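Peer 1: The following file, start.txt, comprises compact mmCIF, C-alpha atoms:
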```
# COMPACT_ATOMS: atom_id res chain seq x y z
CA MET A 1 -63.33 -28.14 32.58
CA LYS A 2 -61.14 -30.18 30.22
CA ILE A 3 -57.72 -28.61 29.70
CA ALA A 4 -55.05 -29.48 27.15
CA VAL A 5 -51.52 -28.07 27.13
CA LEU A 6 -49.95 -27.81 23.67
CA GLY A 7 -46.19 -27.94 24.11
CA SER A 8 -45.40 -29.59 27.43
CA GLY A 9 -41.80 -28.79 28.13
CA ALA A 10 -40.68 -26.97 31.27
CA MET A 11 -43.43 -24.33 31.37
CA GLY A 12 -46.21 -26.45 29.89
CA CYS A 13 -45.56 -29.13 32.50
CA LEU A 14 -45.49 -26.53 35.28
CA TYR A 15 -48.91 -25.11 34.39
CA GLY A 16 -50.44 -28.44 33.44
CA GLY A 17 -49.00 -30.14 36.51
CA LYS A 18 -50.24 -27.55 38.99
CA LEU A 19 -53.71 -27.54 37.41
CA ALA A 20 -53.87 -31.34 37.56
CA GLU A 21 -52.64 -31.23 41.14
CA ALA A 22 -55.67 -29.05 41.92
CA GLY A 23 -57.95 -31.77 40.60
CA LEU A 24 -58.60 -30.46 37.09
CA ASP A 25 -58.75 -32.71 34.01
CA VAL A 26 -55.46 -32.02 32.21
CA THR A 27 -53.80 -33.62 29.18
CA LEU A 28 -50.25 -32.69 28.21
CA ILE A 29 -49.37 -32.77 24.49
CA ASP A 30 -45.72 -33.02 23.46
CA VAL A 31 -43.80 -34.61 20.59
CA TRP A 32 -41.03 -35.97 22.86
CA LYS A 33 -42.15 -39.58 23.26
CA GLU A 34 -39.71 -40.46 26.04
CA HIS A 35 -41.01 -37.52 28.07
CA VAL A 36 -44.66 -38.47 27.46
CA ASP A 37 -44.00 -42.14 28.30
CA ALA A 38 -42.23 -41.19 31.55
CA ILE A 39 -45.18 -39.03 32.68
CA ASN A 40 -47.70 -41.75 31.88
CA ALA A 41 -45.64 -44.44 33.61
CA HIS A 42 -44.45 -42.62 36.71
CA GLY A 43 -46.27 -39.27 36.90
CA LEU A 44 -44.80 -35.78 36.58
CA SER A 45 -41.93 -35.20 38.99
CA VAL A 46 -41.67 -31.62 40.28
CA GLU A 47 -38.99 -30.15 42.53
CA GLY A 48 -38.21 -26.65 43.76
CA ILE A 49 -40.90 -24.17 44.77
CA GLY A 50 -43.77 -25.94 46.51
CA GLY A 51 -41.59 -28.88 47.51
CA ASP A 52 -40.59 -32.08 45.78
CA ARG A 53 -43.51 -34.26 44.70
CA VAL A 54 -44.86 -36.49 41.94
CA ILE A 55 -48.14 -35.56 40.26
CA LYS A 56 -49.89 -38.75 39.25
CA ASN A 57 -53.32 -37.65 38.02
CA ILE A 58 -52.14 -36.25 34.69
CA LYS A 59 -52.23 -37.67 31.17
CA ALA A 60 -49.73 -37.11 28.36
CA VAL A 61 -49.96 -37.77 24.62
CA THR A 62 -47.73 -37.19 21.59
CA THR A 63 -50.40 -35.90 19.18
CA PRO A 64 -53.53 -33.75 19.55
CA GLU A 65 -55.51 -36.48 17.78
CA GLU A 66 -55.29 -38.49 21.01
CA VAL A 67 -57.22 -35.79 22.91
CA LYS A 68 -61.01 -35.94 22.76
CA GLY A 69 -61.69 -32.21 22.73
CA CYS A 70 -61.03 -29.56 25.37
CA ASP A 71 -62.59 -26.45 26.86
CA LEU A 72 -59.29 -24.63 27.32
CA LEU A 73 -56.14 -25.07 25.24
CA ILE A 74 -53.02 -23.54 26.80
CA VAL A 75 -50.27 -22.99 24.23
CA PHE A 76 -46.63 -23.27 25.28
CA VAL A 77 -44.93 -24.45 22.08
CA LYS A 78 -41.89 -22.56 20.85
CA ALA A 79 -42.98 -19.48 18.93
CA THR A 80 -41.23 -20.77 15.82
CA LEU A 81 -43.62 -23.76 15.84
CA THR A 82 -46.88 -21.99 16.69
CA SER A 83 -48.53 -22.11 13.26
CA GLN A 84 -47.67 -25.75 12.66
CA ALA A 85 -48.74 -26.82 16.15
CA MET A 86 -52.06 -24.97 15.98
CA GLU A 87 -52.87 -26.53 12.61
CA SER A 88 -52.35 -29.96 14.17
CA ALA A 89 -54.59 -29.00 17.11
CA ARG A 90 -57.60 -28.05 14.97
CA CYS A 91 -59.06 -31.48 15.71
CA ILE A 92 -59.55 -30.74 19.42
CA MET A 93 -61.10 -27.31 18.94
CA GLY A 94 -64.81 -27.17 19.73
CA PRO A 95 -67.21 -24.24 19.21
CA HIS A 96 -66.62 -23.02 22.77
CA THR A 97 -62.91 -23.84 23.16
CA SER A 98 -60.76 -20.94 24.38
CA VAL A 99 -57.06 -20.74 23.48
CA LEU A 100 -54.67 -19.14 25.98
CA THR A 101 -51.16 -18.30 24.79
CA LEU A 102 -48.55 -17.79 27.48
CA GLN A 103 -45.66 -18.03 25.03
CA ASN A 104 -42.58 -15.88 24.71
CA GLY A 105 -41.96 -13.48 21.87
CA LEU A 106 -43.98 -11.55 19.29
CA GLY A 107 -46.39 -12.90 16.68
CA ASN A 108 -48.02 -15.78 18.55
CA VAL A 109 -51.40 -14.06 18.87
CA GLU A 110 -51.49 -13.41 15.14
CA LYS A 111 -50.43 -16.97 14.24
CA ILE A 112 -53.01 -18.58 16.53
CA SER A 113 -55.75 -16.20 15.37
CA ALA A 114 -55.02 -17.11 11.75
CA VAL A 115 -55.86 -20.76 12.54
CA VAL A 116 -58.76 -20.56 15.03
CA GLY A 117 -60.02 -16.96 14.79
CA LYS A 118 -59.30 -13.97 17.05
CA GLU A 119 -62.49 -14.52 19.04
CA LYS A 120 -61.10 -17.72 20.58
CA VAL A 121 -57.77 -16.25 21.69
CA ILE A 122 -56.75 -14.97 25.12
CA ALA A 123 -53.20 -13.70 25.48
CA GLY A 124 -51.08 -13.66 28.59
CA VAL A 125 -47.67 -13.61 30.19
CA THR A 126 -46.21 -15.51 33.10
CA GLY A 127 -43.65 -14.57 35.70
CA HIS A 128 -42.88 -18.19 36.56
CA GLY A 129 -39.65 -19.96 35.71
CA SER A 130 -39.25 -23.68 35.13
CA THR A 131 -36.46 -26.00 33.99
CA LEU A 132 -36.88 -29.33 32.23
CA LEU A 133 -34.52 -31.71 34.03
CA GLY A 134 -35.24 -34.82 31.98
CA PRO A 135 -38.10 -37.01 30.80
CA GLY A 136 -41.05 -36.42 33.13
CA LYS A 137 -39.12 -34.16 35.51
CA ILE A 138 -39.08 -30.37 36.02
CA ARG A 139 -37.80 -27.84 38.55
CA HIS A 140 -40.07 -24.93 39.51
CA ALA A 141 -37.33 -22.33 39.81
CA GLY A 142 -39.16 -19.00 40.03
CA GLN A 143 -42.63 -17.62 40.56
CA GLY A 144 -44.46 -14.42 39.73
CA ASN A 145 -47.77 -13.15 38.47
CA THR A 146 -49.78 -14.52 35.53
CA VAL A 147 -51.47 -11.74 33.58
CA ILE A 148 -54.10 -12.49 30.94
CA GLY A 149 -56.29 -10.37 28.71
CA GLU A 150 -58.83 -10.46 25.87
CA LEU A 151 -57.62 -9.10 22.54
CA ASN A 152 -60.48 -6.57 22.52
CA GLY A 153 -59.47 -5.19 25.91
CA LYS A 154 -62.66 -6.28 27.67
CA ILE A 155 -62.68 -8.01 31.05
CA ASP A 156 -65.60 -10.36 30.46
CA GLU A 157 -67.02 -13.57 31.93
CA ARG A 158 -64.80 -15.79 29.81
CA LEU A 159 -61.64 -14.04 30.95
CA GLU A 160 -62.77 -14.22 34.57
CA ALA A 161 -63.54 -17.94 34.19
CA VAL A 162 -60.07 -18.69 32.79
CA GLY A 163 -58.48 -16.60 35.53
CA SER A 164 -60.44 -18.55 38.13
CA VAL A 165 -59.21 -21.86 36.69
CA LEU A 166 -55.59 -20.70 36.88
CA GLU A 167 -56.11 -19.53 40.46
CA LYS A 168 -57.36 -23.02 41.37
CA GLY A 169 -53.96 -24.26 40.24
CA GLY A 170 -52.25 -21.95 42.70
CA PHE A 171 -51.30 -19.21 40.24
CA SER A 172 -51.58 -15.54 41.16
CA VAL A 173 -53.64 -14.01 38.33
CA THR A 174 -54.26 -10.46 37.12
CA LEU A 175 -56.80 -9.59 34.41
CA SER A 176 -55.64 -6.89 31.98
CA ASN A 177 -57.36 -4.61 29.47
CA ASN A 178 -54.03 -3.86 27.73
CA VAL A 179 -52.97 -7.16 26.23
CA MET A 180 -50.35 -5.80 23.81
CA GLY A 181 -48.83 -3.74 26.58
CA LEU A 182 -48.44 -6.81 28.76
CA ILE A 183 -47.01 -8.88 25.89
CA TRP A 184 -44.44 -6.18 25.21
CA GLY A 185 -43.70 -5.96 28.92
CA LYS A 186 -42.87 -9.68 29.01
CA LEU A 187 -40.98 -9.40 25.74
CA ILE A 188 -38.79 -6.69 27.23
CA VAL A 189 -37.94 -8.93 30.21
CA ASN A 190 -37.01 -11.76 27.86
CA ILE A 191 -34.95 -9.38 25.76
CA GLY A 192 -32.93 -8.40 28.81
CA ILE A 193 -32.43 -11.93 30.14
CA ASN A 194 -32.73 -14.77 27.64
CA ALA A 195 -30.11 -14.05 25.00
CA LEU A 196 -27.56 -12.93 27.60
CA THR A 197 -27.94 -16.18 29.54
CA ALA A 198 -27.68 -18.17 26.30
CA VAL A 199 -24.44 -16.42 25.35
CA THR A 200 -22.82 -16.48 28.80
CA GLY A 201 -24.23 -19.70 30.26
CA LEU A 202 -25.23 -17.83 33.42
CA LYS A 203 -28.37 -18.41 35.46
CA ASN A 204 -30.80 -15.48 35.50
CA GLY A 205 -29.71 -14.00 38.81
CA ARG A 206 -26.04 -13.89 37.87
CA LEU A 207 -26.70 -11.36 35.11
CA VAL A 208 -27.00 -8.58 37.70
CA ASP A 209 -23.92 -9.77 39.60
CA PHE A 210 -21.48 -8.51 36.96
CA PRO A 211 -21.32 -4.92 35.70
CA GLU A 212 -20.63 -6.14 32.16
CA THR A 213 -23.77 -8.25 31.82
CA GLU A 214 -25.87 -5.75 33.77
CA GLU A 215 -24.83 -3.01 31.33
CA LEU A 216 -25.85 -5.16 28.35
CA LEU A 217 -29.15 -6.10 30.01
CA CYS A 218 -29.96 -2.42 30.57
CA GLY A 219 -28.99 -1.44 27.03
CA ALA A 220 -31.03 -4.19 25.37
CA VAL A 221 -34.09 -3.26 27.42
CA GLU A 222 -33.72 0.45 26.70
CA GLU A 223 -33.61 -0.24 22.97
CA ALA A 224 -36.79 -2.32 23.21
CA MET A 225 -38.46 0.48 25.19
CA ALA A 226 -37.62 2.94 22.42
CA VAL A 227 -39.14 0.62 19.80
CA ALA A 228 -42.29 0.13 21.89
CA LYS A 229 -42.65 3.91 22.24
CA ALA A 230 -42.29 4.36 18.48
CA LYS A 231 -45.06 1.78 17.94
CA GLY A 232 -47.36 3.52 20.39
CA ILE A 233 -47.35 0.61 22.84
CA SER A 234 -48.45 1.54 26.37
CA LEU A 235 -46.29 -0.46 28.77
CA GLU A 236 -47.81 -1.40 32.12
CA ILE A 237 -44.50 -1.54 33.98
CA GLY A 238 -43.22 1.76 35.31
CA ASP A 239 -39.47 1.17 34.96
CA PRO A 240 -38.78 -1.71 32.56
CA VAL A 241 -35.04 -1.75 33.30
CA GLU A 242 -35.48 -2.11 37.05
CA HIS A 243 -38.36 -4.53 36.50
CA THR A 244 -36.15 -6.78 34.36
CA LYS A 245 -33.43 -6.73 37.01
CA LYS A 246 -36.03 -7.63 39.63
CA VAL A 247 -37.27 -10.56 37.56
CA ALA A 248 -33.68 -11.76 37.15
CA ARG A 249 -33.26 -11.71 40.94
CA LEU A 250 -36.65 -13.35 41.61
CA THR A 251 -35.77 -16.17 39.19
CA ALA A 252 -32.12 -16.21 40.24
CA GLU A 253 -31.70 -20.00 40.10
CA ASN A 254 -33.57 -20.41 36.83
CA ARG A 255 -31.82 -21.33 33.61
CA SER A 256 -33.77 -19.39 30.99
CA SER A 257 -35.58 -21.27 28.25
CA MET A 258 -33.07 -19.97 25.72
CA LEU A 259 -30.12 -21.16 27.79
CA GLN A 260 -31.81 -24.55 28.09
CA ASP A 261 -32.25 -24.63 24.30
CA VAL A 262 -28.61 -23.76 23.62
CA SER A 263 -27.39 -26.27 26.21
CA ASN A 264 -29.44 -28.99 24.50
CA LYS A 265 -28.56 -27.80 20.98
CA ARG A 266 -32.16 -26.96 20.13
CA LYS A 267 -33.52 -24.14 17.99
CA THR A 268 -34.11 -21.05 20.13
CA GLU A 269 -36.74 -18.29 19.98
CA ILE A 270 -34.14 -15.59 19.32
CA SER A 271 -35.90 -14.54 16.09
CA VAL A 272 -39.16 -13.66 17.90
CA ILE A 273 -37.48 -11.98 20.88
CA ASN A 274 -34.32 -9.92 20.23
CA GLY A 275 -34.66 -10.49 16.49
CA ALA A 276 -38.23 -9.19 16.50
CA VAL A 277 -37.13 -5.96 18.19
CA VAL A 278 -34.37 -5.53 15.60
CA GLU A 279 -36.93 -5.93 12.80
CA GLU A 280 -39.38 -3.51 14.43
CA GLY A 281 -36.52 -1.09 15.01
CA VAL A 282 -35.70 -1.06 11.30
CA GLN A 283 -39.37 -0.44 10.48
CA TYR A 284 -39.65 2.52 12.87
CA GLY A 285 -36.15 3.91 12.43
CA VAL A 286 -35.00 3.04 15.97
CA PRO A 287 -31.37 1.83 16.36
CA THR A 288 -31.02 -1.51 18.18
CA PRO A 289 -27.28 -2.36 18.09
CA ILE A 290 -27.15 -4.36 21.34
CA ASN A 291 -30.11 -6.50 20.35
CA LYS A 292 -28.57 -7.02 16.92
CA VAL A 293 -25.33 -8.29 18.47
CA LEU A 294 -27.22 -10.63 20.84
CA TYR A 295 -29.35 -11.90 17.94
CA ASN A 296 -26.25 -12.55 15.83
CA LEU A 297 -24.35 -14.32 18.61
CA VAL A 298 -27.19 -16.70 19.48
CA SER A 299 -27.87 -17.33 15.78
CA VAL A 300 -24.23 -18.33 15.27
CA LYS A 301 -24.45 -20.64 18.28
CA GLU A 302 -27.40 -22.39 16.63
CA LYS A 303 -25.56 -22.70 13.32
CA THR A 304 -22.48 -24.25 14.95
CA TYR A 305 -24.11 -26.77 17.31
CA ASN A 306 -22.61 -29.69 15.44
CA GLU A 307 -19.14 -28.18 15.37
CA VAL A 308 -18.67 -28.18 19.14
```
Would you encode the structure as structure tokens?
Peer 2:
Amino acid sequence: MKIAVLGSGAMGCLYGGKLAEAGLDVTLIDVWKEHVDAINAHGLSVEGIGGDRVIKNIKAVTTPEEVKGCDLLIVFVKATLTSQAMESARCIMGPHTSVLTLQNGLGNVEKISAVVGKEKVIAGVTGHGSTLLGPGKIRHAGQGNTVIGELNGKIDERLEAVGSVLEKGGFSVTLSNNVMGLIWGKLIVNIGINALTAVTGLKNGRLVDFPETEELLCGAVEEAMAVAKAKGISLEIGDPVEHTKKVARLTAENRSSMLQDVSNKRKTEISVINGAVVEEGVQYGVPTPINKVLYNLVSVKEKTYNEV
């Protein structure tokens, strides 16, 4: 199976690297030329969980046009770039190509489906954490389950085949018949962790070390739960608040993707995480004051990058 990873930052490199390490044919696609050049010249350097090593048998390119087709496209671009990135990747889509999104936030399934059709899309969430340390170098900082599902709720041969591929890469995989429930479950975790780490500069695990941040984490998650209930979303996690705290502890040493973005003065995904819940809350008449404050604070950070 030929695999391409669209958006090969911290998480894209983690999944692509582990799949290549298992002997699969993997090509990483990323616009950061220095990063791509480092991988091609020296391999992908991985530290943390699984031990320090360099993965040599992996290719990297800066544009999809350099990839000669693929059987599985794994999408890890920032949610704000999904539509643009998928348009550029049309050239590698064959009649039997499957597209797996493991991105954060809401709206990615719809954006990808608009480009390639719903029938090609598999959605999923990941419990892993990864940090981009520099060109061609990542730290695997946390691990958890990878849950994937078909949009129609069926557990079919295609879904089983993709799950089997991920398992070859060493990922623990669960197949789900409630894809929107699992996306909202992951969204709720990100709502509780990402913006708070971006505002405070804390690593994930430190959020539950202080009563102030723990209170905000709980409040943000509870608001998201209320919005999900109003939408009729069936969550697969029994206690989302405790689950989010558990994820924070399991990924204690991880710097969330949003904290990494703020630290590097990059655009964050705040609009499709906390901002998305605020928008949905307005639509369904559910108050979301904590999420609104977190959205505003991170948005102001983005707007003032050049003033610091």
Peer 1: Just the residues within 6 Å of Val173 of chain A, please, counting only C-alpha atoms, with nothing from its chain fewer than 6 positions along; format it as a short mmCIF file (atom, residue, chain, number, x, y, z; two decimals) with C-alpha atoms, in the frame of the given file.
Peer 2:
```cif
data_model
loop_
_atom_site.label_atom_id
_atom_site.label_comp_id
_atom_site.auth_asym_id
_atom_site.auth_seq_id
_atom_site.Cartn_x
_atom_site.Cartn_y
_atom_site.Cartn_z
CA ASN A 145 -47.77 -13.15 38.47
CA THR A 146 -49.78 -14.52 35.53
CA VAL A 147 -51.47 -11.74 33.58
#
```
Peer 1: Can you write out as a Markdown table which residues of segment 23-76 of chain A fall within 10 Å of segment 96-103 of chain A, alongside each residue's closest atom pair and its distance in Å to one decimal, counting all atoms listed in the file and ordering rows by chain and ascending residue number?
Peer 2:
```
| residue | atom | partner | partner_atom | distance |
| --- | --- | --- | --- | --- |
| A:Gly69 | CA | A:Thr97 | CA | 8.5 |
| A:Cys70 | CA | A:Thr97 | CA | 6.4 |
| A:Asp71 | CA | A:Thr97 | CA | 4.5 |
| A:Leu72 | CA | A:Ser98 | CA | 4.9 |
| A:Leu73 | CA | A:Val99 | CA | 4.8 |
| A:Ile74 | CA | A:Leu100 | CA | 4.8 |
| A:Val75 | CA | A:Thr101 | CA | 4.8 |
| A:Phe76 | CA | A:Gln103 | CA | 5.3 |
```
Peer 1: Given all atoms listed in the file as the basis, pick out the residue of A:Val282, A:Val125, A:Ile112, A:Leu166 nearest to Leu81 of chain A.
Peer 2: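 Nearest to Leu81 of chain A: A:Ile112.
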Peer 1: Counting all atoms listed in the file, which residues sit no farther than 9 Å from the position (-30.8, -28.8, 29.9) in the file's frame? I'd like them as JSON, numbers by chain.
Peer 2: {"A": [131, 132, 133, 134, 255, 259, 260, 261, 262, 263, 264]}
Peer 1: Keeping only C-alpha atoms, write those residues as a CSV table (one decimal), keeping the file's coordinate frame.
Peer 2:
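Full text of selection38.csv as output:
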```csv
chain,number,residue,atom,x,y,z
A,131,THR,CA,-36.5,-26.0,34.0
A,132,LEU,CA,-36.9,-29.3,32.2
A,133,LEU,CA,-34.5,-31.7,34.0
A,134,GLY,CA,-35.2,-34.8,32.0
A,255,ARG,CA,-31.8,-21.3,33.6
A,259,LEU,CA,-30.1,-21.2,27.8
A,260,GLN,CA,-31.8,-24.6,28.1
A,261,ASP,CA,-32.2,-24.6,24.3
A,262,VAL,CA,-28.6,-23.8,23.6
A,263,SER,CA,-27.4,-26.3,26.2
A,264,ASN,CA,-29.4,-29.0,24.5
```
Peer 1: How far is it from atom CA of Glu66 of chain A to atom CA of Met258 of chain A, in Å with one decimal?
Peer 2: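 Atom CA of Met258 of chain A lies 29.3 Å from atom CA of Glu66 of chain A.
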Peer 1: My list of candidates is A:Met86, A:Ala38, A:Cys91, A:Ile148. Which is closest to Ala114 of chain A when distances are computed with all atoms listed in the file?
Peer 2: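 Using all atoms listed in the file, the shortest distance to Ala114 of chain A belongs to A:Met86.
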Peer 1: Residues at most 7 Å from Thr288 of chain A, counting only C-alpha atoms, excluding those fewer than 5 positions away in the same chain, as a list in words?
Peer 2: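 Returned residues: Glu223, Val278 and Gly281 of chain A.
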Peer 1: Write out, as an mmCIF file, keeping the file's coordinate frame, the residues just selected, with C-alpha atoms.
Peer 2:
```
data_model
loop_
_atom_site.group_PDB
_atom_site.id
_atom_site.type_symbol
_atom_site.label_atom_id
_atom_site.label_comp_id
_atom_site.auth_asym_id
_atom_site.auth_seq_id
_atom_site.Cartn_x
_atom_site.Cartn_y
_atom_site.Cartn_z
ATOM 1 C CA GLU A 223 -33.610 -0.240 22.970
ATOM 2 C CA VAL A 278 -34.370 -5.530 15.600
ATOM 3 C CA GLY A 281 -36.520 -1.090 15.010
#
```
Peer 1: Within 12 Å of (-24.3, -19.2, 32.6), in the coordinates the file gives, what residues turn up when you count only C-alpha atoms, written out as a ChimeraX atom specification?
Peer 2: /A:193-207,209-210,213,252-256,258-260,262-263
Peer 1: Under the rule that only C-alpha atoms are counted, which of A:Asn291, A:Thr244, A:Ser299, A:Thr251 is the nearest residue to Gly219 of chain A?
Peer 2: A:Asn291
Peer 1: Could you name the residues that touch Val300 of chain A at 12 Å or less, counting all atoms listed in the file, but leaving out those on the same chain fewer than 2 positions away, as an mmCIF file with C-alpha atoms, in the frame of the given file?
Peer 2:
```cif
data_model
loop_
_atom_site.group_PDB
_atom_site.id
_atom_site.type_symbol
_atom_site.label_atom_id
_atom_site.label_comp_id
_atom_site.auth_asym_id
_atom_site.auth_seq_id
_atom_site.Cartn_x
_atom_site.Cartn_y
_atom_site.Cartn_z
ATOM 1 C CA ALA A 198 -27.680 -18.170 26.300
ATOM 2 C CA VAL A 199 -24.440 -16.420 25.350
ATOM 3 C CA VAL A 262 -28.610 -23.760 23.620
ATOM 4 C CA LYS A 265 -28.560 -27.800 20.980
ATOM 5 C CA LYS A 267 -33.520 -24.140 17.990
ATOM 6 C CA THR A 268 -34.110 -21.050 20.130
ATOM 7 C CA ILE A 270 -34.140 -15.590 19.320
ATOM 8 C CA VAL A 293 -25.330 -8.290 18.470
ATOM 9 C CA LEU A 294 -27.220 -10.630 20.840
ATOM 10 C CA TYR A 295 -29.350 -11.900 17.940
ATOM 11 C CA ASN A 296 -26.250 -12.550 15.830
ATOM 12 C CA LEU A 297 -24.350 -14.320 18.610
ATOM 13 C CA VAL A 298 -27.190 -16.700 19.480
ATOM 14 C CA GLU A 302 -27.400 -22.390 16.630
ATOM 15 C CA LYS A 303 -25.560 -22.700 13.320
ATOM 16 C CA THR A 304 -22.480 -24.250 14.950
ATOM 17 C CA TYR A 305 -24.110 -26.770 17.310
ATOM 18 C CA ASN A 306 -22.610 -29.690 15.440
ATOM 19 C CA GLU A 307 -19.140 -28.180 15.370
ATOM 20 C CA VAL A 308 -18.670 -28.180 19.140
#
```
Peer 1: At what distance in Å, to one decimal, does atom CA of Val227 of chain A lie from atom CA of Glu280 of chain A?
Peer 2: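 Separating atom CA of Glu280 of chain A from atom CA of Val227 of chain A is a distance of 6.8 Å.
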Peer 1: Grab the atom CA of Ser257 of chain A to atom CA of Ala10 of chain A distance for me, in Å with one decimal place.
Peer 2: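 Going from atom CA of Ser257 of chain A over to atom CA of Ala10 of chain A covers 8.2 Å.
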Peer 1: For Ala141 of chain A, which of A:Gly50, A:Gly153, A:Glu279, A:Gly16 is the closest residue, counting all atoms listed in the file?
Peer 2: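 The shortest atom-to-atom distance to Ala141 of chain A comes from A:Gly50.
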Peer 1: Mind checking which residues fall within 7 Å of segment 105-107 of chain A, counting all atoms listed in the file, ignoring those fewer than 3 positions away in the same chain, and posting them as a list in words?
Peer 2: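 Listed by chain and then number, they are Ala79, Glu110, Lys111, Leu187, Val272, Ile273 and Ala276 of chain A.
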Peer 1: Taking only C-alpha atoms into account, name the residue in A:Thr27, A:Ser45, A:Thr126, A:Thr82 that is nearest to Lys59 of chain A.
Peer 2: A:Thr27
